[in-house]
Amino acid sequence: MELTRGRFLSLLGAGAAGVLLGGCAKSPPPVDVTAAGFGTEATGTVKLWCRSALQAANQLLVDRFHAAQDRIRVELTPVQDAQFVTKLATAIRGGRVPDIVDIDDINSALFINRGVFADLTPLIEALPFRDQLSPAHLALGEHDGRYYALPSVADNSALWCNLELLDRAGVDIDEATGSFDGYLDAARAVSGLGRDVHGWSFPGNGSGALGFTVQPHIWATDTDLITGEIGHQRGDIVGNDALRRTLGLLHTLWDEGLVPSDADADDASRWAANFHAGRIGMMPNGYGILVPQAPPGLLDHTEVRLLSGPDGGRSFFDGGTNFCLPNGSDNPSAAWEFALFCLDVEQQARLPESGYIPVRSDAATPEFRADYPLALPSLEDIGAGYAPLTLAYNRIYNQSDGPWLAMFRRAVFGGDIDGAMAQAQDHYDEILRQGDA
Amino acid sequence: MSSAANTANTANSAANARTSSAEATAGSAARRAPRRRPGSLTHPSRTGLALVTPAVLFVVVFVFAPLVVAVYISLTDFPLIGDYDFVGFRNYSLAWSDRVFNEALFYTLLYTAIVTLPILVLGYTLAVVVRANRRGSTLLRTIFFLPYIVGLTTISFLTLLEAQPGSGAVNVVLETLGITDGTTAWLVDGPLATGLIIVMVIWAVSGLTMVLLMSGMQAIPREIYESAELDGAGWWRTERHITIPMLRRSIALSLVISVIGSLLAFTQFYILTQGGPGSETTTVVMAIYRRAFVDLQLGVSTAMSLILVLIIAVIAAVQFWLLREKD
């Protein structure tokens with residue numbers, strides 16, 4: 001057969017395509033965590049990937065691990081938060097996986113549902129502190145009754161209160177923080193203290209930050225905005241009374257000028273500035289954002305409460321990270337040994353130094369209570385934490401063009417709560433349908 | 001006869017003279033030379049093949065093969081991780097019925113339609129200002145081209161700072177002029193953000209159009225302008241009947257580059273609005289990016305990409321057809 005130019009090009013193209021697709025189709029071998037001696041007396045190097053936001057926290061743990069033993073060396077690779085999922089997915093598809101990842105707990109399910117992480121169930125069930133672990137973290141790492149993720153670090157939302165302002169406004173913190181009526185009355189009283197003082201604050205253009213701090217008001221009523229199992233999920237928006245009342249509260253706070261006037265433009269980059277300046281009475285936020293940069297003295301008159309539902313109840317966003325072992329890992333035994341070291345109470349109790357909260361409730365020792373009182377509320381009520389289990393979390397809550405922010409802005413700043421919820425219902429359903437496809 | 005007609009005739013005569021001369025040369029050569037087999041008289045055909053093979057291989061490996069793979073992926077439910085199955089044309093059907101993709105496509109076409117003409121007009125105007133080798137021309141060319149060199153990424157970050165309510169220069173200037181109260185949140189309102197980005201982009205990329213058109217202007221023989229001047233043509237008539245017709249190819253090139261760049265807009269929107277609020281400023285590339293790397297659905301996103309490639313190809317072909325040399 002004569003090799004014409006056309007045939008030559010076709011063969012070349014088909015060959016290249018075959019090589020590329022063949023490389024894409026490899027499936028890594030599963031990690032056998034039941035092998036004898038797994039996780040004990042391991043040696044060698046462990047490749048650890050962490051979110052860049054947690055680099056400092058992970059580096060401290062790595063340094064302490066190296067100081068505690070000399071059999072295992074951990075190589076820490078920080079990966080930008082926004083690129084973590086893509087980079088890890090690419091590494092998995094390319095067959096060059098790290099030995100262990102400290103992954104955003106919200107994103108754990110993306111990988112677990114595709115069967116690329118090791119089944120850690122026997123190891124987790126055997127842990128003596130299994131029942132003290134954060135239930136919400138564990139739930140995000142569960143699939144068909146099996147656990148694929150070990151909670152590592154918590155990053156929880158809560159309501160931060162400036163006691164000095166509350167006292168000046170004659171507000172009792174416990175009465176103010178138990179219901180929406182209490183919030184509103186307190187916000188009005190604090191805002192009355194002066195032109196630059198406001199009772200409440202939220203970053204009205206920060207989609208992820210709003211997901212972190214507003215959703216717990218709804219979860220406090222044992223309701224979520226997403227319903228159903230992965231594969232069959234839909235939005236629970238229209239008819240969701242807790243959501244309607246939450247959006248109503250925030251609209252009132254905006255409408256009455258009880259939040260700073262630039263709240264509608266804040267993408268969370270200036271989120272804590274007004275609170276740090278002592279001009280905000282109450283603000284939902286996280287420990288790692290407020291505490292490390294707080295000016296001297298402010299934290300002495302700051303108290304923390306969990307976020308309330310419309311008529312009571314408490315909840316918080318149980319964010320943070322999970323340890324997962326990708327299938328195909330070169331040294332999973334040593335990786336697990338490092339993970340267990342990080343879960344020691346001694347290590348967990350020092351997490352607030354880096355701006356994070358332990359995932360073990362028994363880390364709240366007397367010393368911990370004395371040293372980190374502002375990190376205590378979510379730890380003392382660890383069962384109240386929650387985070388939605390869905391493959392579409394990023395698309396719905398963390399993207400600026402997602403339906404969550406669109407609903408929030410239309411309802412809170414535009415006042416069209418019903419219209420915003422109806423539109424969001426369609427968009428939630430559409431994205432969840434696509435995410436499950 | 002009016003001076004405009006004279007000017008047009010001058011240009012046509014010059015063009016016709018060149019064409020006639022070329023045709024005459026070709027015609028006489030054809031009459032003289034006997035018919036022979038195609039191929040070089042001085043080099044064997046293998047030489048030509050050897051010379052083009054590296055370029056062909058490059059195109060096959062880096063353009064053709066990825067395109068074949070992309071078409072294949074678009075016919076599967078390819079996720080970024082996990083197994084995949086062949087799904088036929090379902091991804092194309094999903095893409096066409098996808099609200100975000102369709103809205104983004106419409107928004108991108110609208111954005112392209114709005115920015116294209118101002119970029120051309122401003123670029124042309126700047127080229128007119130700097131085309132002559134007068135004192136200061138080089139400095140002006142550098143100044144006008146500088147935003148393009150600095151790049152949209154850096155300019156977008158600067159704009160992000162300068163558009164902040166209360167503190168940004170945009171608001172400070174508008175407040176000083178008494179136009180606004182200085183608290184306008186430009187980037188959280190769809191139309192306002194789009195307007196700001198359009199102004200920024202026109203300013204940032206007109207320099208490229210200026211350079212392309214200026215080089216075309218400088219290639220126009222000076223004698224034609226002198227002839228037009230003798231005929232009494234003024235500046236506007238000279239531009240209209242000599243410069244613009246003879247810049248047809250440069251204008252076509254500028255327009256094609258500008259339109260393709262606008263249809264593929266991503267950086268400025270990603271930095272300034274991230275597609276929000278809602279999906280009001282989501283461009284089609286951003287929608288595709290999110291489908292691929294946030295939703296991890298490469299099959300659908302690749303189908304969307306190929307649809308975009310086809311749309312760009314059709315628009316570019318129409319542009320070339322409209323701006324072709326008619327004679």
# chains A, B, ... in the order shown; residues from 1 in each chain; ligands from 1
$ residues_around --residues "His232 (chain A)" --least-positions-apart "3" --cutoff "9 Å" --atoms "only C-alpha atoms" --output "ChimeraX atom specification"
/A:227-229,432-433,436
$ write_last_selection --atoms "N, CA and C atoms" --output "mmCIF file, in the first residue's frame"
data_model
loop_
_atom_site.group_PDB
_atom_site.id
_atom_site.type_symbol
_atom_site.label_atom_id
_atom_site.label_comp_id
_atom_site.auth_asym_id
_atom_site.auth_seq_id
_atom_site.Cartn_x
_atom_site.Cartn_y
_atom_site.Cartn_z
ATOM 1 N N THR A 227 -30.679 18.587 49.287
ATOM 2 C CA THR A 227 -31.306 17.401 49.849
ATOM 3 C C THR A 227 -31.042 16.194 48.951
ATOM 4 N N GLY A 228 -31.048 15.010 49.542
ATOM 5 C CA GLY A 228 -30.860 13.773 48.776
ATOM 6 C C GLY A 228 -29.429 13.273 48.810
ATOM 7 N N GLU A 229 -29.278 12.022 48.382
ATOM 8 C CA GLU A 229 -27.956 11.402 48.323
ATOM 9 C C GLU A 229 -27.228 11.844 47.054
ATOM 10 N N LEU A 432 -26.702 20.646 40.393
ATOM 11 C CA LEU A 432 -26.642 19.341 41.050
ATOM 12 C C LEU A 432 -26.871 18.217 40.043
ATOM 13 N N ARG A 433 -27.754 18.470 39.087
ATOM 14 C CA ARG A 433 -27.998 17.473 38.031
ATOM 15 C C ARG A 433 -26.727 17.277 37.200
ATOM 16 N N ASP A 436 -23.943 15.494 39.273
ATOM 17 C CA ASP A 436 -24.192 14.071 39.472
ATOM 18 C C ASP A 436 -24.081 13.280 38.175
#
$ closest_atom_pairs --of "chain B" --to "chain A" --cutoff "7 Å" --atoms "only C-alpha atoms" --output "Markdown table"
| residue | atom | partner | partner_atom | distance |
| --- | --- | --- | --- | --- |
| B:Val60 | CA | A:Gly13 | CA | 6.4 |
| B:Val61 | CA | A:Ala16 | CA | 6.9 |
| B:Phe64 | CA | A:Gly13 | CA | 6.4 |
| B:Ala65 | CA | A:Gly13 | CA | 4.7 |
| B:Val68 | CA | A:Ala17 | CA | 6.7 |
| B:Val69 | CA | A:Ala17 | CA | 5.5 |
| B:Leu80 | CA | A:Ala89 | CA | 6.0 |
| B:Ile81 | CA | A:Ala89 | CA | 5.6 |
| B:Gly82 | CA | A:Arg114 | CA | 5.5 |
| B:Ala185 | CA | A:Ala265 | CA | 5.8 |
| B:Val188 | CA | A:Ala265 | CA | 6.1 |
| B:Gln274 | CA | A:Ser400 | CA | 5.8 |
| B:Gly275 | CA | A:Asp401 | CA | 5.3 |
| B:Gly276 | CA | A:Asp401 | CA | 4.6 |
| B:Pro277 | CA | A:Asp401 | CA | 6.0 |
| B:Gly278 | CA | A:Asp401 | CA | 4.2 |
| B:Ser279 | CA | A:Asp401 | CA | 4.3 |
| B:Phe293 | CA | A:Thr86 | CA | 6.0 |
| B:Val294 | CA | A:Arg395 | CA | 6.4 |
| B:Asp295 | CA | A:Gly435 | CA | 6.4 |
$ residues_around --residues "Gly281 (chain A)" --least-positions-apart "2" --cutoff "7 Å" --atoms "only C-alpha atoms" --output "PyMOL selection string"
chain A and resi 161-162+165-166+190+198-200+279+283
$ write_last_selection --atoms "C-alpha atoms" --output "compact mmCIF listing (two decimals), in the first residue's frame"
# COMPACT_ATOMS: atom_id res chain seq x y z
CA CYS A 161 -18.84 39.41 69.74
CA ASN A 162 -17.20 42.63 70.90
CA LEU A 165 -19.60 47.45 72.43
CA LEU A 166 -22.35 45.11 73.63
CA VAL A 190 -24.94 48.70 68.97
CA HIS A 198 -22.32 48.82 63.37
CA GLY A 199 -24.08 45.97 65.05
CA TRP A 200 -23.27 43.34 62.41
CA ARG A 279 -16.37 49.11 65.20
CA MET A 283 -19.69 39.21 63.21
$ residues_around --residues "Val285 (chain B)" --least-positions-apart "5" --cutoff "7 Å" --atoms "only C-alpha atoms" --output "MDAnalysis selection string"
chainID B and resid 264:266
$ write_last_selection --atoms "C-alpha atoms" --output "PDB file, in the first residue's frame"
ATOM      1  CA  LEU B 264     -11.548  34.199  24.098  1.00  0.00           C
ATOM      2  CA  ALA B 265     -11.635  36.858  26.864  1.00  0.00           C
ATOM      3  CA  PHE B 266     -10.843  35.374  30.264  1.00  0.00           C
TER       4      PHE B 266
END
$ atom_distance --atom1 "CA of Val256 (chain B)" --atom2 "CA of Phe106 (chain B)"
18.9 Å
$ closest_residue --among "A:Asp99, A:Asp81, A:Asp418, A:Glu75" --to "Pro326 (chain A)" --atoms "only C-alpha atoms"
A:Asp99
